[in-house]
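Source file: data-v1.cif. Holds: mmCIF, C-alpha atoms.
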```
data_structure
loop_
_atom_site.label_atom_id
_atom_site.label_comp_id
_atom_site.auth_asym_id
_atom_site.auth_seq_id
_atom_site.Cartn_x
_atom_site.Cartn_y
_atom_site.Cartn_z
CA MET A 2 -5.24 -10.24 68.90
CA PRO A 3 -7.08 -8.10 66.33
CA PRO A 4 -7.68 -9.68 62.92
CA HIS A 5 -5.42 -8.75 60.07
CA PRO A 6 -6.92 -6.11 57.79
CA PRO A 7 -7.89 -7.45 54.37
CA SER A 8 -5.05 -7.28 51.91
CA ALA A 9 -5.32 -4.71 49.14
CA PRO A 10 -6.06 -6.11 45.68
CA PRO A 11 -3.03 -6.29 43.40
CA ALA A 12 -2.42 -3.14 41.39
CA ARG A 13 -3.59 -3.37 37.81
CA LEU A 14 -1.45 -2.08 34.99
CA PRO A 15 -3.13 0.43 32.69
CA PRO A 16 -4.01 -0.75 29.16
CA GLY A 17 -1.00 -0.58 26.88
CA ALA A 18 1.56 -0.51 29.70
CA ILE A 19 3.05 -3.78 28.46
CA GLY A 20 1.76 -4.47 24.97
CA HIS A 21 1.26 -1.18 23.20
CA ASN A 22 0.81 -0.80 19.46
CA ARG A 23 -0.51 2.04 17.34
CA GLY A 24 -2.28 -0.45 15.12
CA ILE A 25 -6.04 -0.67 15.00
CA VAL A 26 -8.33 -2.95 12.97
CA ARG A 27 -11.99 -2.20 12.34
CA PRO A 28 -14.55 -3.67 9.92
CA ASN A 29 -14.07 -0.87 7.36
CA PHE A 30 -10.44 0.17 7.91
CA ALA A 31 -7.12 -0.88 9.40
CA PHE A 32 -4.20 1.28 10.55
CA ILE A 33 -1.07 -0.90 10.54
CA PRO A 34 2.33 0.42 11.67
CA PRO A 35 5.42 -1.62 10.74
CA GLU A 36 6.13 -2.71 14.30
CA GLY A 37 4.28 -5.93 15.02
CA VAL A 38 3.88 -7.04 11.40
CA LEU A 39 5.35 -10.54 11.48
CA LYS A 40 7.41 -12.34 8.87
CA SER A 41 6.02 -14.85 6.40
CA ARG A 42 8.11 -17.11 4.20
CA LEU A 43 6.63 -18.31 0.93
CA PRO A 44 7.55 -21.38 -1.17
CA ALA A 45 7.90 -19.41 -4.41
CA TRP A 46 10.49 -17.07 -2.88
CA GLN A 47 14.00 -17.76 -1.60
CA GLY A 48 16.06 -15.49 0.65
CA THR A 49 12.92 -13.39 0.99
CA VAL A 50 10.61 -12.37 3.82
CA ALA A 51 7.05 -11.21 3.14
CA ARG A 52 5.22 -8.98 5.60
CA PHE A 53 1.49 -8.91 4.75
CA LEU A 54 -0.25 -5.59 5.27
CA ALA A 55 -3.64 -6.33 3.69
CA ALA A 56 -5.38 -9.49 2.54
CA PRO A 57 -8.93 -10.80 1.99
CA ALA A 58 -8.86 -12.12 5.58
CA LEU A 59 -8.80 -8.45 6.65
CA GLY A 60 -11.73 -7.60 4.39
CA ALA A 61 -9.69 -6.25 1.46
CA GLY A 62 -10.32 -7.19 -2.15
CA PHE A 63 -6.56 -7.39 -2.78
CA ALA A 64 -3.35 -8.40 -0.99
CA GLN A 65 -0.51 -5.98 -0.26
CA PHE A 66 2.79 -6.97 1.29
CA MET A 67 6.39 -5.89 1.75
CA LEU A 68 9.08 -8.14 0.27
CA GLU A 69 12.45 -8.00 2.05
CA ILE A 70 14.89 -9.61 -0.37
CA GLU A 71 18.39 -10.63 0.68
CA PRO A 72 21.33 -10.41 -1.75
CA GLY A 73 20.90 -13.30 -4.18
CA GLY A 74 17.27 -13.80 -3.13
CA GLY A 75 13.97 -13.35 -4.90
CA SER A 76 11.64 -15.57 -6.88
CA ALA A 77 12.90 -19.15 -6.79
CA GLN A 78 11.73 -19.59 -10.39
CA ALA A 79 9.42 -17.86 -12.84
CA ILE A 80 6.04 -17.27 -11.21
CA CYS A 81 2.82 -17.46 -13.20
CA VAL A 82 -0.47 -17.11 -11.35
CA ALA A 83 -3.91 -15.74 -12.21
CA PRO A 84 -3.76 -12.46 -10.23
CA GLN A 85 -2.13 -9.37 -11.67
CA HIS A 86 0.77 -7.84 -9.72
CA PHE A 87 2.23 -4.41 -9.04
CA PHE A 88 5.69 -3.85 -7.55
CA TYR A 89 7.24 -0.64 -6.19
CA ALA A 90 10.89 -0.58 -5.08
CA ILE A 91 11.27 1.08 -1.68
CA GLU A 92 14.94 0.44 -1.02
CA GLY A 93 17.83 -1.11 -2.94
CA THR A 94 17.69 -2.44 -6.50
CA VAL A 95 15.98 -5.53 -7.90
CA GLU A 96 15.67 -7.00 -11.36
CA ILE A 97 12.30 -7.89 -12.84
CA GLY A 98 11.56 -9.98 -15.90
CA ILE A 99 8.01 -10.02 -17.30
CA GLY A 100 6.91 -12.56 -19.86
CA SER A 101 9.59 -13.16 -22.48
CA SER A 102 11.17 -9.71 -22.07
CA ASP A 103 14.71 -9.30 -20.77
CA PRO A 104 14.95 -8.40 -17.06
CA VAL A 105 15.21 -4.70 -16.22
CA PRO A 106 16.44 -3.09 -12.99
CA LEU A 107 14.11 -1.38 -10.55
CA ALA A 108 15.98 1.02 -8.28
CA ALA A 109 14.26 2.83 -5.40
CA GLY A 110 11.21 4.53 -6.90
CA GLY A 111 10.96 1.98 -9.72
CA PHE A 112 7.71 0.18 -10.40
CA ALA A 113 6.33 -2.62 -12.54
CA TYR A 114 2.89 -3.88 -13.55
CA VAL A 115 2.48 -7.59 -14.36
CA PRO A 116 -0.75 -8.50 -16.21
CA PRO A 117 -2.86 -11.49 -15.11
CA ASP A 118 -1.65 -14.99 -16.07
CA THR A 119 1.79 -13.61 -16.96
CA ARG A 120 5.13 -15.12 -15.94
CA PHE A 121 7.54 -12.94 -14.01
CA THR A 122 10.77 -13.12 -12.03
CA LEU A 123 11.94 -10.71 -9.33
CA ARG A 124 15.48 -11.08 -8.04
CA ASN A 125 18.09 -9.17 -6.08
CA ARG A 126 21.44 -9.56 -7.81
CA THR A 127 23.18 -6.84 -5.77
CA PRO A 128 25.27 -7.16 -2.58
CA ALA A 129 22.74 -5.08 -0.60
CA ALA A 130 19.30 -6.01 0.73
CA ALA A 131 16.24 -4.64 -1.07
CA ARG A 132 12.67 -3.92 -0.09
CA VAL A 133 9.80 -4.00 -2.57
CA LEU A 134 6.16 -3.16 -1.86
CA ALA A 135 3.98 -5.65 -3.73
CA LEU A 136 0.29 -5.88 -4.54
CA LYS A 137 -1.76 -8.60 -6.18
CA LYS A 138 -5.39 -8.56 -7.25
CA ARG A 139 -7.61 -10.80 -9.33
CA TYR A 140 -8.31 -9.10 -12.63
CA GLU A 141 -11.87 -8.00 -13.33
CA VAL A 142 -12.47 -8.59 -17.04
CA ALA A 143 -13.98 -5.71 -18.99
CA GLU A 144 -16.21 -6.69 -21.91
CA ALA A 145 -14.51 -6.27 -25.31
CA LEU A 146 -11.29 -5.02 -23.71
CA PRO A 147 -8.06 -7.06 -23.44
CA PRO A 148 -5.97 -7.09 -20.26
CA PRO A 149 -3.32 -4.35 -20.02
CA ASP A 150 0.24 -4.76 -21.25
CA PRO A 151 3.24 -5.00 -18.88
CA ILE A 152 4.69 -1.73 -17.62
CA THR A 153 7.98 -0.77 -15.98
CA GLY A 154 9.17 2.71 -15.02
CA GLN A 155 10.62 5.05 -12.41
CA HIS A 156 8.40 7.47 -10.55
CA GLN A 157 11.11 10.13 -10.83
CA SER A 158 10.46 10.35 -14.58
CA MET A 159 6.66 10.48 -14.29
CA PRO A 160 4.94 13.87 -14.70
CA MET A 161 3.37 15.60 -11.73
CA THR A 162 -0.26 16.59 -12.23
CA ASN A 163 -2.80 18.50 -10.18
CA HIS A 164 -6.25 18.02 -11.65
CA THR A 165 -7.93 19.43 -8.53
CA GLY A 166 -6.33 22.86 -8.83
CA LEU A 167 -5.39 22.84 -5.15
CA GLU A 168 -2.02 24.57 -4.74
CA GLY A 169 0.59 22.51 -2.88
CA ARG A 170 -0.84 19.10 -3.73
CA GLY A 171 0.33 16.88 -6.60
CA PHE A 172 -0.38 13.50 -8.17
CA LYS A 173 1.68 11.00 -10.12
CA HIS A 174 -0.30 8.33 -11.95
CA LEU A 175 2.03 5.33 -12.21
CA LEU A 176 -0.47 3.45 -14.38
CA PRO A 177 -2.16 5.07 -17.40
CA PHE A 178 -4.93 7.28 -16.04
CA GLY A 179 -8.33 6.66 -17.62
CA ASP A 180 -7.26 3.47 -19.44
CA MET A 181 -10.34 1.24 -19.01
CA ARG A 182 -8.30 -1.93 -19.38
CA PHE A 183 -7.01 -1.37 -15.85
CA ASP A 184 -9.22 -2.20 -12.89
CA PHE A 185 -7.06 -0.33 -10.37
CA GLU A 186 -4.82 2.72 -10.06
CA MET A 187 -1.49 3.17 -8.30
CA ASN A 188 -0.91 6.84 -7.58
CA MET A 189 1.62 8.85 -5.65
CA MET A 190 0.24 11.84 -3.78
CA PHE A 191 2.36 14.74 -2.51
CA PHE A 192 1.39 17.37 0.06
CA GLU A 193 3.20 20.51 1.12
CA PRO A 194 2.85 21.50 4.79
CA GLY A 195 -0.62 22.75 5.64
CA VAL A 196 -2.22 21.53 2.39
CA TYR A 197 -5.01 19.03 3.00
CA PHE A 198 -8.10 17.50 1.45
CA PRO A 199 -10.85 20.15 1.53
CA ALA A 200 -13.53 17.63 2.55
CA VAL A 201 -13.95 14.26 4.20
CA GLU A 202 -14.30 11.78 1.31
CA THR A 203 -16.79 8.91 1.39
CA HIS A 204 -16.73 6.90 -1.83
CA ILE A 205 -16.97 3.40 -3.23
CA MET A 206 -13.26 2.84 -3.93
CA GLU A 207 -11.22 0.91 -1.38
CA HIS A 208 -7.62 1.93 -0.74
CA GLY A 209 -4.26 0.56 0.25
CA LEU A 210 -2.08 3.47 1.41
CA PHE A 211 1.64 3.23 2.18
CA MET A 212 3.26 6.30 3.69
CA LEU A 213 6.52 7.05 1.88
CA GLU A 214 7.72 10.20 3.61
CA GLY A 215 6.65 12.88 6.05
CA GLN A 216 3.88 12.64 8.61
CA GLY A 217 0.33 13.74 9.19
CA LEU A 218 -3.05 13.01 10.67
CA TYR A 219 -5.43 10.64 8.91
CA PHE A 220 -9.15 10.63 9.63
CA LEU A 221 -10.67 7.15 9.35
CA SER A 222 -14.36 6.52 9.96
CA GLU A 223 -14.73 8.51 13.21
CA THR A 224 -11.19 8.90 14.59
CA TRP A 225 -7.88 10.62 13.77
CA HIS A 226 -4.60 8.66 13.60
CA GLU A 227 -1.04 9.98 13.43
CA ILE A 228 0.67 8.52 10.37
CA TRP A 229 4.41 8.36 9.73
CA ALA A 230 6.64 6.97 6.99
CA GLU A 231 6.33 3.16 6.69
CA ASP A 232 2.77 3.10 8.12
CA PHE A 233 0.04 1.37 6.10
CA ILE A 234 -3.71 1.99 5.95
CA TRP A 235 -6.43 -0.16 4.43
CA MET A 236 -9.68 1.71 3.78
CA GLY A 237 -12.77 -0.22 2.78
CA ALA A 238 -15.44 1.14 0.49
CA PHE A 239 -17.34 4.11 1.91
CA CYS A 240 -14.95 4.60 4.83
CA PRO A 241 -14.92 8.35 5.62
CA GLN A 242 -11.35 9.59 5.16
CA GLN A 243 -9.23 12.75 5.15
CA PHE A 244 -5.49 13.52 5.32
CA TYR A 245 -3.87 16.50 7.02
CA PRO A 246 -0.06 16.81 6.83
CA THR A 247 1.66 17.96 10.02
CA GLY A 248 5.37 17.67 9.24
CA ALA A 249 7.76 20.51 8.45
CA GLY A 250 8.48 19.11 4.99
CA GLN A 251 6.71 17.35 2.15
CA SER A 252 4.52 14.33 2.85
CA ALA A 253 3.93 11.63 0.24
CA TYR A 254 2.20 8.29 0.00
CA LEU A 255 1.57 5.53 -2.53
CA LEU A 256 -2.14 4.84 -3.00
CA TYR A 257 -3.97 1.85 -4.49
CA LYS A 258 -7.63 2.13 -5.43
CA ASN A 259 -9.97 -0.01 -7.49
CA VAL A 260 -11.56 1.84 -10.41
CA ASN A 261 -13.15 1.52 -13.87
CA ARG A 262 -15.57 -1.30 -13.04
CA ASP A 263 -19.29 -1.47 -12.25
CA VAL A 264 -20.53 -2.61 -8.85
CA ALA A 265 -21.22 -6.32 -8.37
CA LEU A 266 -24.87 -7.08 -7.56
#
```
Could you spell out this file's structure in structure tokens?
Amino acid sequence: MPPHPPSAPPARLPPGAIGHNRGIVRPNFAFIPPEGVLKSRLPAWQGTVARFLAAPALGAGFAQFMLEIEPGGGSAQAICVAPQHFFYAIEGTVEIGIGSSDPVPLAAGGFAYVPPDTRFTLRNRTPAAARVLALKKRYEVAEALPPPDPITGQHQSMPMTNHTGLEGRGFKHLLPFGDMRFDFEMNMMFFEPGVYFPAVETHIMEHGLFMLEGQGLYFLSETWHEIWAEDFIWMGAFCPQQFYPTGAGQSAYLLYKNVNRDVAL
């Protein structure tokens, strides 16, 4: 009786056939889509989920995270820590109190800056869930300058500027532009279809970018990535970068960058 032929090796599934994610993490950048970002629960917050998008463990000099706040949820009590904070309301309405000031509402598009070592509360007193994009960073003291004052506002009331002169692209500076007391900026950037950065940028500022609306292609280091609303990008210092919108309508994102301080040697 002839011997049985050797059995064929089991078929191998191609990469990504089971666990596929658009996310990618490299030493000088990270592209993080919302799918796959797990929940964290924090002692200082009740009825709230935090989804961390950037942190020092990634290589960032700041932490950025999405707060998902249930009705009646928010800070369990007044929070006072060393880092400064920035909040931007994505969905729903929350109420923020800073220092001894009375709480004020932040509807979608609302923002708040909390100086270092300043008490704050953030609560959802509405019957609907809310989402707030948060950032915290240790303040870099500037000689002979005091820390900034608290700020609250709505991006809808902020002026649109275009200091580059490029038609179809606009900026909104949510924090006072050029104020040396601040060690970071939070800007909104708007692009009409087909309007893009004229050059690949390579500079010392690191970024935290949250896509608010639209879609496009983002060049990071050596590769292009398709970016949609709700995607997040961390870009380390000197990471080559460029954005090219591809959607039929306006594209916009919220951009953090560290500024106004000398390099540490």
Handout entry: Polymer residues at most 12 Å from Tyr197 in chain A, only C-alpha atoms, same-chain spacing of 3 or more positions, as a ChimeraX atom specification
Key = /A:165,167-171,190-194,200-202,217-220,242-247,251-253
Which residues come within 12 Å of Pro57 in chain A, counting only C-alpha atoms, excluding same-chain residues fewer than 4 positions away, as a PDB file with C-alpha atoms, keeping the file's coordinate frame?
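To be explicit, this is the file written out as part_5.pdb:
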```pdb
ATOM      1  CA  PHE A  53       1.490  -8.910   4.750  1.00  0.00           C
ATOM      2  CA  ALA A  61      -9.690  -6.250   1.460  1.00  0.00           C
ATOM      3  CA  GLY A  62     -10.320  -7.190  -2.150  1.00  0.00           C
ATOM      4  CA  PHE A  63      -6.560  -7.390  -2.780  1.00  0.00           C
ATOM      5  CA  ALA A  64      -3.350  -8.400  -0.990  1.00  0.00           C
ATOM      6  CA  GLN A  65      -0.510  -5.980  -0.260  1.00  0.00           C
ATOM      7  CA  LYS A 137      -1.760  -8.600  -6.180  1.00  0.00           C
ATOM      8  CA  LYS A 138      -5.390  -8.560  -7.250  1.00  0.00           C
ATOM      9  CA  ARG A 139      -7.610 -10.800  -9.330  1.00  0.00           C
ATOM     10  CA  TRP A 235      -6.430  -0.160   4.430  1.00  0.00           C
ATOM     11  CA  GLY A 237     -12.770  -0.220   2.780  1.00  0.00           C
TER      12      GLY A 237
END
```
Completion exercise
As a check of understanding: the span from CA of Gly37 in chain A to CA of His156 in chain A is 29.2 Å
What's around Leu107 in chain A at 9 Å? Count all atoms listed in the file, leave out sequence neighbours fewer than 4 positions away in its own chain, and write the answer as a PDB file with C-alpha atoms, keeping the file's coordinate frame.
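Once written, selection.pdb looks like this:
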```pdb
ATOM      1  CA  TYR A  89       7.240  -0.640  -6.190  1.00  0.00           C
ATOM      2  CA  ALA A  90      10.890  -0.580  -5.080  1.00  0.00           C
ATOM      3  CA  GLY A  93      17.830  -1.110  -2.940  1.00  0.00           C
ATOM      4  CA  THR A  94      17.690  -2.440  -6.500  1.00  0.00           C
ATOM      5  CA  VAL A  95      15.980  -5.530  -7.900  1.00  0.00           C
ATOM      6  CA  GLU A  96      15.670  -7.000 -11.360  1.00  0.00           C
ATOM      7  CA  ILE A  97      12.300  -7.890 -12.840  1.00  0.00           C
ATOM      8  CA  GLY A 111      10.960   1.980  -9.720  1.00  0.00           C
ATOM      9  CA  PHE A 112       7.710   0.180 -10.400  1.00  0.00           C
ATOM     10  CA  ALA A 113       6.330  -2.620 -12.540  1.00  0.00           C
ATOM     11  CA  THR A 153       7.980  -0.770 -15.980  1.00  0.00           C
ATOM     12  CA  GLY A 154       9.170   2.710 -15.020  1.00  0.00           C
ATOM     13  CA  GLN A 155      10.620   5.050 -12.410  1.00  0.00           C
TER      14      GLN A 155
END
```
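Counting only C-alpha atoms and comparing A:Glu231, A:Ser76, A:Glu141, A:Glu186, the residue that lies closest to Val264 in chain A is A:Glu141.
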Practice task
Considering all atoms listed in the file, state which residue in the set A:Pro241, A:Pro104, A:Gly24, A:Pro84 is at the smallest distance from Glu223 in chain A.
Solution key: A:Pro241
Exercise for the section: Figure out the distance between CA of Leu136 in chain A and CA of Phe183 in chain A, please, to one decimal in Å. Expected result: 14.2 Å
